[in-house]
Amino acid sequence: MGRCDRKTLPCSTDPDNQPEDYSGKTYQHAVKNTLLTDSTGSVQYLSQRFEGKCHDKKMLDEEPICLPEDSILFQDLGYLGHKPEGVFLAMPEKKPKNKELSDLQKATNQLLNSFRVSLEHTISGVKRLRIVKDILRLKGYAVRDQVMLLACGLHKLRLTFRAP
């Protein structure tokens, strides 16, 4: 599970609407989506759009994902505290303040990160359609949602025609 974020938006001219999509972390107006992929790199789930300042865990709390029993969910530390029922969570260990991770914890983190590389490749495959990651000047959120859905569909189509 990962987030595909930062469809950068042009700033609204209405001062009342400007704070809605503004992300203070990235200093830009943006929207975010959550992606769920499988081991083949295909996008299986695309969440609704959230404003740029919305935290990752809050996105999942507002729109929970139902997963099959006994499945493995690889998630990053942005989703810390998210624990769906009947699902095994594989999440890296966070380094304690003023302490070091043990060698076993470091090895586990490296193993988990090697699995997460495929997720990052999926996100970059979706963002291959540059309209998703660049400034999108189309008006209306419905059009922006369709662009993101189209980018995920084109990524899936590209995977089906990829040589084995």
# chains A, B, ... in the order shown; residues from 1 in each chain; ligands from 1
$ closest_atom_pairs --of "segment 21-84 of chain A" --to "segment 115-122 of chain A" --cutoff "10 Å" --atoms "only C-alpha atoms" --output "Markdown table"
| residue | atom | partner | partner_atom | distance |
| --- | --- | --- | --- | --- |
| A:Leu35 | CA | A:Leu119 | CA | 8.9 |
| A:Leu36 | CA | A:Leu119 | CA | 8.5 |
| A:Thr37 | CA | A:Leu119 | CA | 6.8 |
| A:Asp38 | CA | A:Leu119 | CA | 8.4 |
| A:Ser39 | CA | A:Ser118 | CA | 7.6 |
| A:Thr40 | CA | A:Ser118 | CA | 8.2 |
| A:Gly41 | CA | A:Thr122 | CA | 5.5 |
| A:Ser42 | CA | A:Thr122 | CA | 7.1 |
| A:Val43 | CA | A:Thr122 | CA | 7.5 |
| A:Phe74 | CA | A:Arg116 | CA | 7.2 |
| A:Gln75 | CA | A:Arg116 | CA | 8.1 |
| A:Asp76 | CA | A:Arg116 | CA | 8.5 |
$ residues_around --residues "Ser47 of chain A" --least-positions-apart "6" --cutoff "8 Å" --atoms "only C-alpha atoms" --output "PyMOL selection string"
chain A and resi 33-35+63
$ closest_residue --among "A:Leu89, A:Glu51, A:Gln44, A:Lys139" --to "His155 of chain A" --atoms "only C-alpha atoms"
A:Gln44
$ residues_around --residues "Ala90 of chain A" --least-positions-apart "3" --cutoff "12 Å" --atoms "only C-alpha atoms" --output "list in words"
Met1, Ser71, Ile72, Leu73, Phe74, Gln75, Asp76, Leu77, Tyr79, Leu80, His82, Lys83, Val87, Glu93, Thr108, Asn109, Leu111, Leu112, Asn113, Phe115 and Arg116 of chain A
$ closest_residue --among "A:Ala107, A:Met148, A:Leu159, A:Ala142" --to "Lys32 of chain A" --atoms "only C-alpha atoms"
A:Met148
$ atom_distance --atom1 "atom CA of Phe50 of chain A" --atom2 "atom CA of Leu154 of chain A"
21.9 Å
$ atom_distance --atom1 "atom CA of Val31 of chain A" --atom2 "atom CA of Asp61 of chain A"
17.0 Å
$ select_by_dssp --residues "segment 45-162 of chain A" --states "strand (DSSP E)" --output "list in words"
Tyr45, Leu46, Phe50, Glu51, Ser71, Ile72, Leu73, Phe74, Val87, Phe88, Leu89 and Ala90 of chain A
$ write_last_selection --atoms "C-alpha atoms" --output "compact mmCIF listing (two decimals), in the first residue's frame"
# COMPACT_ATOMS: atom_id res chain seq x y z
CA TYR A 45 -7.38 -0.27 -5.66
CA LEU A 46 -7.41 3.50 -6.07
CA PHE A 50 -7.94 13.73 -0.59
CA GLU A 51 -6.59 17.22 -0.06
CA SER A 71 -3.32 -11.70 3.43
CA ILE A 72 -0.05 -9.81 3.90
CA LEU A 73 -0.14 -6.03 3.78
CA PHE A 74 3.16 -4.21 3.26
CA VAL A 87 -4.46 -9.26 7.94
CA PHE A 88 -0.77 -9.75 8.67
CA LEU A 89 1.06 -6.41 8.67
CA ALA A 90 4.61 -6.19 7.39
$ closest_residue --among "A:Ala30, A:Lys156, A:Glu100, A:Asp70" --to "Lys133 of chain A" --atoms "only C-alpha atoms"
A:Ala30
$ atom_distance --atom1 "atom CA of Gln48 of chain A" --atom2 "atom CA of Gln146 of chain A"
10.9 Å
$ select_by_dssp --residues "segment 47-161 of chain A" --states "alpha helix (DSSP H)" --output "ChimeraX atom specification"
/A:56-62,103-126,141-160
$ write_last_selection --atoms "N, CA and C atoms" --output "compact mmCIF listing (two decimals), in the first residue's frame"
# COMPACT_ATOMS: atom_id res chain seq x y z
N ASP A 56 -1.75 10.30 5.76
CA ASP A 56 -1.99 9.00 5.13
C ASP A 56 -2.91 8.11 5.95
N LYS A 57 -2.69 8.03 7.25
CA LYS A 57 -3.51 7.17 8.09
C LYS A 57 -4.95 7.68 8.15
N LYS A 58 -5.11 8.99 8.16
CA LYS A 58 -6.45 9.57 8.17
C LYS A 58 -7.20 9.22 6.89
N MET A 59 -6.47 9.12 5.78
CA MET A 59 -7.10 8.72 4.53
C MET A 59 -7.68 7.32 4.65
N LEU A 60 -6.94 6.41 5.28
CA LEU A 60 -7.44 5.04 5.45
C LEU A 60 -8.54 4.95 6.49
N ASP A 61 -8.48 5.81 7.50
CA ASP A 61 -9.55 5.80 8.51
C ASP A 61 -10.87 6.26 7.90
N GLU A 62 -10.82 7.22 7.00
CA GLU A 62 -12.04 7.73 6.38
C GLU A 62 -12.57 6.78 5.31
N ASP A 103 20.77 -5.45 14.70
CA ASP A 103 21.12 -5.99 13.40
C ASP A 103 19.96 -6.77 12.78
N LEU A 104 19.20 -7.47 13.61
CA LEU A 104 18.03 -8.21 13.12
C LEU A 104 16.97 -7.26 12.59
N GLN A 105 16.72 -6.16 13.31
CA GLN A 105 15.74 -5.17 12.86
C GLN A 105 16.19 -4.51 11.57
N LYS A 106 17.50 -4.23 11.44
CA LYS A 106 18.01 -3.63 10.20
C LYS A 106 17.85 -4.59 9.03
N ALA A 107 18.13 -5.88 9.26
CA ALA A 107 17.99 -6.87 8.19
C ALA A 107 16.51 -7.03 7.79
N THR A 108 15.62 -7.01 8.78
CA THR A 108 14.19 -7.10 8.49
C THR A 108 13.73 -5.89 7.68
N ASN A 109 14.19 -4.70 8.06
CA ASN A 109 13.83 -3.50 7.31
C ASN A 109 14.33 -3.56 5.87
N GLN A 110 15.54 -4.07 5.67
CA GLN A 110 16.07 -4.20 4.31
C GLN A 110 15.23 -5.17 3.48
N LEU A 111 14.81 -6.27 4.09
CA LEU A 111 13.98 -7.23 3.39
C LEU A 111 12.62 -6.64 3.02
N LEU A 112 12.00 -5.94 3.96
CA LEU A 112 10.71 -5.30 3.69
C LEU A 112 10.84 -4.22 2.62
N ASN A 113 11.93 -3.47 2.66
CA ASN A 113 12.12 -2.42 1.66
C ASN A 113 12.34 -3.00 0.27
N SER A 114 12.93 -4.19 0.19
CA SER A 114 13.10 -4.81 -1.12
C SER A 114 11.75 -5.19 -1.72
N PHE A 115 10.77 -5.56 -0.88
CA PHE A 115 9.43 -5.83 -1.37
C PHE A 115 8.71 -4.54 -1.76
N ARG A 116 8.99 -3.47 -1.03
CA ARG A 116 8.32 -2.21 -1.30
C ARG A 116 8.83 -1.53 -2.58
N VAL A 117 9.95 -1.99 -3.10
CA VAL A 117 10.47 -1.40 -4.33
C VAL A 117 9.46 -1.60 -5.47
N SER A 118 8.81 -2.77 -5.51
CA SER A 118 7.83 -3.01 -6.58
C SER A 118 6.66 -2.03 -6.48
N LEU A 119 6.28 -1.67 -5.27
CA LEU A 119 5.22 -0.67 -5.08
C LEU A 119 5.67 0.69 -5.62
N GLU A 120 6.89 1.06 -5.33
CA GLU A 120 7.40 2.35 -5.83
C GLU A 120 7.48 2.34 -7.35
N HIS A 121 7.81 1.19 -7.94
CA HIS A 121 7.84 1.09 -9.40
C HIS A 121 6.43 1.24 -9.98
N THR A 122 5.44 0.71 -9.27
CA THR A 122 4.05 0.86 -9.72
C THR A 122 3.64 2.32 -9.69
N ILE A 123 3.98 3.01 -8.62
CA ILE A 123 3.63 4.43 -8.51
C ILE A 123 4.32 5.24 -9.61
N SER A 124 5.59 4.93 -9.88
CA SER A 124 6.27 5.66 -10.96
C SER A 124 5.70 5.28 -12.32
N GLY A 125 5.19 4.04 -12.46
CA GLY A 125 4.53 3.66 -13.71
C GLY A 125 3.24 4.41 -13.92
N VAL A 126 2.50 4.66 -12.85
CA VAL A 126 1.28 5.46 -12.95
C VAL A 126 1.65 6.90 -13.28
N TYR A 141 -12.86 18.83 -10.01
CA TYR A 141 -12.27 17.65 -9.40
C TYR A 141 -12.66 16.37 -10.12
N ALA A 142 -13.83 16.35 -10.77
CA ALA A 142 -14.25 15.13 -11.48
C ALA A 142 -13.29 14.82 -12.62
N VAL A 143 -12.84 15.83 -13.33
CA VAL A 143 -11.90 15.64 -14.43
C VAL A 143 -10.56 15.17 -13.88
N ARG A 144 -10.13 15.71 -12.76
CA ARG A 144 -8.86 15.31 -12.15
C ARG A 144 -8.91 13.86 -11.69
N ASP A 145 -10.06 13.43 -11.17
CA ASP A 145 -10.21 12.03 -10.76
C ASP A 145 -10.17 11.10 -11.97
N GLN A 146 -10.78 11.52 -13.07
CA GLN A 146 -10.75 10.71 -14.27
C GLN A 146 -9.34 10.58 -14.83
N VAL A 147 -8.55 11.64 -14.71
CA VAL A 147 -7.16 11.60 -15.18
C VAL A 147 -6.37 10.57 -14.38
N MET A 148 -6.55 10.54 -13.07
CA MET A 148 -5.84 9.59 -12.23
C MET A 148 -6.29 8.16 -12.53
N LEU A 149 -7.57 7.96 -12.71
CA LEU A 149 -8.10 6.65 -13.05
C LEU A 149 -7.58 6.19 -14.41
N LEU A 150 -7.50 7.09 -15.35
CA LEU A 150 -6.97 6.78 -16.67
C LEU A 150 -5.48 6.41 -16.59
N ALA A 151 -4.73 7.11 -15.76
CA ALA A 151 -3.30 6.80 -15.59
C ALA A 151 -3.12 5.40 -15.02
N CYS A 152 -3.94 5.01 -14.05
CA CYS A 152 -3.86 3.66 -13.48
C CYS A 152 -4.24 2.62 -14.51
N GLY A 153 -5.26 2.90 -15.32
CA GLY A 153 -5.67 1.98 -16.38
C GLY A 153 -4.59 1.81 -17.44
N LEU A 154 -3.95 2.90 -17.83
CA LEU A 154 -2.88 2.81 -18.83
C LEU A 154 -1.68 2.04 -18.29
N HIS A 155 -1.40 2.18 -17.00
CA HIS A 155 -0.31 1.41 -16.40
C HIS A 155 -0.65 -0.08 -16.43
N LYS A 156 -1.88 -0.42 -16.11
CA LYS A 156 -2.30 -1.82 -16.13
C LYS A 156 -2.25 -2.38 -17.56
N LEU A 157 -2.65 -1.57 -18.54
CA LEU A 157 -2.60 -2.00 -19.94
C LEU A 157 -1.15 -2.23 -20.38
N ARG A 158 -0.26 -1.36 -19.96
CA ARG A 158 1.15 -1.51 -20.30
C ARG A 158 1.72 -2.80 -19.70
N LEU A 159 1.28 -3.14 -18.50
CA LEU A 159 1.75 -4.39 -17.87
C LEU A 159 1.25 -5.63 -18.59
N THR A 160 0.04 -5.58 -19.14
CA THR A 160 -0.50 -6.76 -19.81
C THR A 160 0.22 -7.04 -21.13
